[in-house]
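Enquirer: Take a look at the following structure, please.
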Amino acid sequence: MENKMTFEEEQARKGRTYKMLLWFGMISICMIFAGLTSAYVVSKSRPDWLKDFVLPSAFVISTVAMLVSSFTFYLALQATKKDNRGSASMFLLITLALGIAFIVLQFKGFGQVIDNGYFFTGSESNVTTSFLYIAVLVHIAHLLGGIISLLVVIYNHYKQKYNSAQTLGIELSAMYWHFMDFIWVYLFLFFYFFK
């Protein structure tokens with residue numbers, strides 16, 4: 001006797017599969033940043049290590065932007081679950097704007113580091129700022145994936161593919177966005193306190 005799944009059961013199974021794949025991807029990203037921060041710790045014993053290096057103020061502001069964007073993405077998901085399309089649209093667009101602002105502020109932070117006389121590459125660079133540069137660029141590269149995902153969510157939202165019964169795409173994108181937020185907060189605190 002054949003046991004057929006209902007549409008809802010099939011969608012739930014599909015959702016679990018996608019979420020598991022996303023978790024595997026996020027774990028592999030964690031390994032990348034664990035490797036970078038481990039190398040940073042090991043390199044601390046080098047003679048050219050900057051013990052008085054201070055993170056640029058733009059990084060503090062970008063951290064706030066990232067935290068707020070995570071909250072607005074959460075609000076967008078909640079609005080979608082309540083079929084409140086207007087609020088969902090507003091919160092998705094705010095999240096996108098904050099994500100772009102985060103990236104702009106990161107590059108502004110690089111400018112502040114250079115203005116303070118520290119360089120990331122070349123003969124005038126040092127290991128401290130080079131690690132900061134690499135870690136931030138790797139994070140930005142992964143965040144760009146989140147922005148692309150968010151753009152797909154916004155497009156699908158305007159095509160009315162999400163509602164209280166169908167939130168899988170927005171849930172997956174929000175999970176990844178919150179993860180990128182967590183990674184940045186980890187990196188920021190690591191660079192701030194581990195000198």
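By order of appearance in the structure tokens: chains A, B, ..., then residues from 1 within every chain, and ligands from 1 in the order shown.
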For Gly169 in chain A, list every protein, DNA or RNA residue within 9 Å, evaluated using only C-alpha atoms, and leave out those in the same chain fewer than 2 positions away; present the list as a PDB file with all heavy atoms, in the first residue's frame.

Expert:
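Written output follows (selection31.pdb):
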```pdb
ATOM      1  N   GLY A  15      11.281  22.009   3.755  1.00  0.00           N
ATOM      2  CA  GLY A  15      11.798  23.042   4.646  1.00  0.00           C
ATOM      3  C   GLY A  15      12.886  22.508   5.566  1.00  0.00           C
ATOM      4  O   GLY A  15      13.923  23.156   5.763  1.00  0.00           O
ATOM      5  N   SER A 149      20.511  37.126  -1.182  1.00  0.00           N
ATOM      6  CA  SER A 149      19.372  36.358  -0.673  1.00  0.00           C
ATOM      7  C   SER A 149      18.227  37.291  -0.289  1.00  0.00           C
ATOM      8  O   SER A 149      17.059  37.020  -0.586  1.00  0.00           O
ATOM      9  CB  SER A 149      19.817  35.530   0.537  1.00  0.00           C
ATOM     10  OG  SER A 149      18.717  34.979   1.206  1.00  0.00           O
ATOM     11  N   VAL A 152      16.439  38.518  -3.328  1.00  0.00           N
ATOM     12  CA  VAL A 152      15.539  37.475  -3.832  1.00  0.00           C
ATOM     13  C   VAL A 152      14.263  37.435  -2.991  1.00  0.00           C
ATOM     14  O   VAL A 152      13.143  37.337  -3.524  1.00  0.00           O
ATOM     15  CB  VAL A 152      16.242  36.096  -3.852  1.00  0.00           C
ATOM     16  CG1 VAL A 152      15.259  34.973  -4.132  1.00  0.00           C
ATOM     17  CG2 VAL A 152      17.369  36.094  -4.874  1.00  0.00           C
ATOM     18  N   VAL A 153      14.420  37.550  -1.681  1.00  0.00           N
ATOM     19  CA  VAL A 153      13.251  37.559  -0.790  1.00  0.00           C
ATOM     20  C   VAL A 153      12.356  38.759  -1.102  1.00  0.00           C
ATOM     21  O   VAL A 153      11.131  38.630  -1.186  1.00  0.00           O
ATOM     22  CB  VAL A 153      13.695  37.571   0.696  1.00  0.00           C
ATOM     23  CG1 VAL A 153      12.550  37.969   1.620  1.00  0.00           C
ATOM     24  CG2 VAL A 153      14.243  36.207   1.091  1.00  0.00           C
ATOM     25  N   ASN A 156      10.550  38.070  -4.344  1.00  0.00           N
ATOM     26  CA  ASN A 156       9.475  37.087  -4.133  1.00  0.00           C
ATOM     27  C   ASN A 156       8.343  37.665  -3.294  1.00  0.00           C
ATOM     28  O   ASN A 156       7.173  37.322  -3.497  1.00  0.00           O
ATOM     29  CB  ASN A 156      10.034  35.822  -3.474  1.00  0.00           C
ATOM     30  CG  ASN A 156      10.846  34.988  -4.440  1.00  0.00           C
ATOM     31  OD1 ASN A 156      10.688  35.084  -5.655  1.00  0.00           O
ATOM     32  ND2 ASN A 156      11.731  34.176  -3.905  1.00  0.00           N
ATOM     33  N   TYR A 162       5.056  34.888  -0.558  1.00  0.00           N
ATOM     34  CA  TYR A 162       5.074  34.604   0.885  1.00  0.00           C
ATOM     35  C   TYR A 162       3.754  35.019   1.506  1.00  0.00           C
ATOM     36  O   TYR A 162       3.159  36.029   1.142  1.00  0.00           O
ATOM     37  CB  TYR A 162       6.213  35.359   1.583  1.00  0.00           C
ATOM     38  CG  TYR A 162       7.581  35.062   1.032  1.00  0.00           C
ATOM     39  CD1 TYR A 162       8.391  36.084   0.566  1.00  0.00           C
ATOM     40  CD2 TYR A 162       8.062  33.766   0.978  1.00  0.00           C
ATOM     41  CE1 TYR A 162       9.651  35.815   0.058  1.00  0.00           C
ATOM     42  CE2 TYR A 162       9.318  33.489   0.460  1.00  0.00           C
ATOM     43  CZ  TYR A 162      10.106  34.520   0.009  1.00  0.00           C
ATOM     44  OH  TYR A 162      11.354  34.254  -0.499  1.00  0.00           O
ATOM     45  N   GLN A 166       3.204  30.203   3.877  1.00  0.00           N
ATOM     46  CA  GLN A 166       4.429  29.924   3.119  1.00  0.00           C
ATOM     47  C   GLN A 166       5.475  30.985   3.459  1.00  0.00           C
ATOM     48  O   GLN A 166       5.460  32.085   2.911  1.00  0.00           O
ATOM     49  CB  GLN A 166       4.132  29.902   1.622  1.00  0.00           C
ATOM     50  CG  GLN A 166       5.330  29.875   0.700  1.00  0.00           C
ATOM     51  CD  GLN A 166       6.340  28.778   0.995  1.00  0.00           C
ATOM     52  OE1 GLN A 166       6.256  28.031   1.954  1.00  0.00           O
ATOM     53  NE2 GLN A 166       7.352  28.687   0.175  1.00  0.00           N
ATOM     54  N   THR A 167       6.389  30.637   4.369  1.00  0.00           N
ATOM     55  CA  THR A 167       7.434  31.581   4.797  1.00  0.00           C
ATOM     56  C   THR A 167       8.836  30.989   4.669  1.00  0.00           C
ATOM     57  O   THR A 167       9.789  31.580   5.159  1.00  0.00           O
ATOM     58  CB  THR A 167       7.208  31.994   6.266  1.00  0.00           C
ATOM     59  OG1 THR A 167       7.248  30.820   7.089  1.00  0.00           O
ATOM     60  CG2 THR A 167       5.902  32.735   6.452  1.00  0.00           C
ATOM     61  N   GLU A 171      12.328  32.719   5.888  1.00  0.00           N
ATOM     62  CA  GLU A 171      12.918  32.119   7.094  1.00  0.00           C
ATOM     63  C   GLU A 171      14.380  31.746   6.865  1.00  0.00           C
ATOM     64  O   GLU A 171      15.234  31.999   7.714  1.00  0.00           O
ATOM     65  CB  GLU A 171      12.140  30.865   7.506  1.00  0.00           C
ATOM     66  CG  GLU A 171      10.852  31.141   8.226  1.00  0.00           C
ATOM     67  CD  GLU A 171      10.153  29.847   8.620  1.00  0.00           C
ATOM     68  OE1 GLU A 171      10.820  28.931   9.139  1.00  0.00           O
ATOM     69  OE2 GLU A 171       8.931  29.762   8.404  1.00  0.00           O
ATOM     70  N   LEU A 172      14.659  31.124   5.719  1.00  0.00           N
ATOM     71  CA  LEU A 172      16.039  30.729   5.413  1.00  0.00           C
ATOM     72  C   LEU A 172      16.946  31.948   5.297  1.00  0.00           C
ATOM     73  O   LEU A 172      18.056  31.971   5.835  1.00  0.00           O
ATOM     74  CB  LEU A 172      16.078  29.918   4.114  1.00  0.00           C
ATOM     75  CG  LEU A 172      15.415  28.542   4.157  1.00  0.00           C
ATOM     76  CD1 LEU A 172      15.315  27.959   2.752  1.00  0.00           C
ATOM     77  CD2 LEU A 172      16.168  27.604   5.079  1.00  0.00           C
ATOM     78  N   SER A 173      16.467  32.971   4.607  1.00  0.00           N
ATOM     79  CA  SER A 173      17.259  34.181   4.452  1.00  0.00           C
ATOM     80  C   SER A 173      17.487  34.865   5.800  1.00  0.00           C
ATOM     81  O   SER A 173      18.590  35.336   6.092  1.00  0.00           O
ATOM     82  CB  SER A 173      16.558  35.139   3.476  1.00  0.00           C
ATOM     83  OG  SER A 173      17.374  36.237   3.189  1.00  0.00           O
ATOM     84  N   ALA A 174      16.466  34.900   6.637  1.00  0.00           N
ATOM     85  CA  ALA A 174      16.592  35.507   7.963  1.00  0.00           C
ATOM     86  C   ALA A 174      17.576  34.719   8.832  1.00  0.00           C
ATOM     87  O   ALA A 174      18.376  35.318   9.563  1.00  0.00           O
ATOM     88  CB  ALA A 174      15.225  35.586   8.641  1.00  0.00           C
TER      89      ALA A 174
END
```

Enquirer: Looking only at helix (DSSP H, G or I) from DSSP on the backbone, list the matching residues of range 27-181 of chain A as a ChimeraX atom specification.

Expert: /A:27-43,57-81,85-115,127-158,168-181

Enquirer: Find, counting only C-alpha atoms, the residue in A:Gly122, A:Ala135, A:Asp48, A:Phe107 that gets nearest to Tyr186 in chain A.

Expert: A:Ala135

Enquirer: Please give the complete set of residues from chain A that DSSP, run on the backbone, assigns to strand (DSSP E or B), formatted as a PDB file with N, CA, C and O atoms, in the first residue's frame.

Expert:
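out_25.pdb was written with the following content:
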```pdb
ATOM      1  N   PHE A 119      48.444  50.462   7.560  1.00  0.00           N
ATOM      2  CA  PHE A 119      48.101  49.977   6.227  1.00  0.00           C
ATOM      3  C   PHE A 119      47.846  48.473   6.277  1.00  0.00           C
ATOM      4  O   PHE A 119      48.328  47.777   7.159  1.00  0.00           O
ATOM      5  N   SER A 125      52.585  47.740   5.820  1.00  0.00           N
ATOM      6  CA  SER A 125      51.526  47.052   6.566  1.00  0.00           C
ATOM      7  C   SER A 125      52.121  46.309   7.758  1.00  0.00           C
ATOM      8  O   SER A 125      53.332  46.172   7.887  1.00  0.00           O
ATOM      9  N   ASN A 163       3.326  34.219   2.466  1.00  0.00           N
ATOM     10  CA  ASN A 163       2.141  34.530   3.267  1.00  0.00           C
ATOM     11  C   ASN A 163       2.256  33.740   4.566  1.00  0.00           C
ATOM     12  O   ASN A 163       3.274  33.090   4.803  1.00  0.00           O
ATOM     13  N   GLN A 166       3.204  30.203   3.877  1.00  0.00           N
ATOM     14  CA  GLN A 166       4.429  29.924   3.119  1.00  0.00           C
ATOM     15  C   GLN A 166       5.475  30.985   3.459  1.00  0.00           C
ATOM     16  O   GLN A 166       5.460  32.085   2.911  1.00  0.00           O
TER      17      GLN A 166
END
```

Enquirer: For Phe110 in chain A, which of A:Trp23, A:Thr129, A:Ala165, A:His157 is the closest residue, counting only C-alpha atoms?

Expert: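 Of the candidates, the smallest distance to Phe110 in chain A is held by A:Thr129.
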
Enquirer: At a cut-off of 8 Å, using only C-alpha atoms, what residues contact range 64-76 of chain A? Leave out same-chain residues fewer than 2 positions from it and give the result as a list in words.

Expert: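 Close residues of range 64-76 of chain A: Val60, Ile61, Ser62, Gln78, Ala79, Thr80, Ser87, Ala88, Ser89, Met90, Phe91, Leu92, Ile94, Thr95, Leu96, Leu98, Gly99, Ala101, Phe102, Ala174, Trp177, His178 and Asp181 of chain A.
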
Enquirer: Would you mind telling me which residue in A:Phe53, A:Leu132, A:Lys14, A:Lys81 lies nearest to Gly117 in chain A when using only C-alpha atoms?

Expert: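 The closest residue to Gly117 in chain A is A:Phe53.
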
Enquirer: What's the 12 Å shell around Phe193 in chain A, counting only C-alpha atoms, without same-chain residues fewer than 6 positions away, as a PyMOL selection string?

Expert: chain A and resi 41+51-55+185-187

Enquirer: Write a file of the selected residues as a tab-separated table (two decimals), in the first residue's frame, keeping N, CA and C atoms.

Expert:
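Listing of out.tsv after writing:
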```
chain	number	residue	atom	x	y	z
A	41	VAL	N	45.42	34.78	16.91
A	41	VAL	CA	45.93	34.52	18.26
A	41	VAL	C	47.39	34.06	18.20
A	51	LYS	N	50.07	46.42	19.78
A	51	LYS	CA	49.36	46.20	21.05
A	51	LYS	C	48.43	47.37	21.39
A	52	ASP	N	48.64	48.53	20.75
A	52	ASP	CA	47.82	49.70	21.05
A	52	ASP	C	46.82	50.03	19.94
A	53	PHE	N	46.57	49.07	19.05
A	53	PHE	CA	45.66	49.31	17.92
A	53	PHE	C	44.23	49.44	18.43
A	54	VAL	N	43.54	50.47	17.96
A	54	VAL	CA	42.15	50.72	18.35
A	54	VAL	C	41.27	50.58	17.11
A	55	LEU	N	40.17	49.86	17.25
A	55	LEU	CA	39.24	49.71	16.12
A	55	LEU	C	38.65	51.07	15.76
A	185	VAL	N	29.41	40.30	15.25
A	185	VAL	CA	29.53	40.66	16.67
A	185	VAL	C	30.69	39.89	17.30
A	186	TYR	N	30.82	38.61	16.95
A	186	TYR	CA	31.95	37.82	17.44
A	186	TYR	C	33.27	38.44	17.01
A	187	LEU	N	33.39	38.77	15.72
A	187	LEU	CA	34.64	39.37	15.22
A	187	LEU	C	34.92	40.71	15.88
```
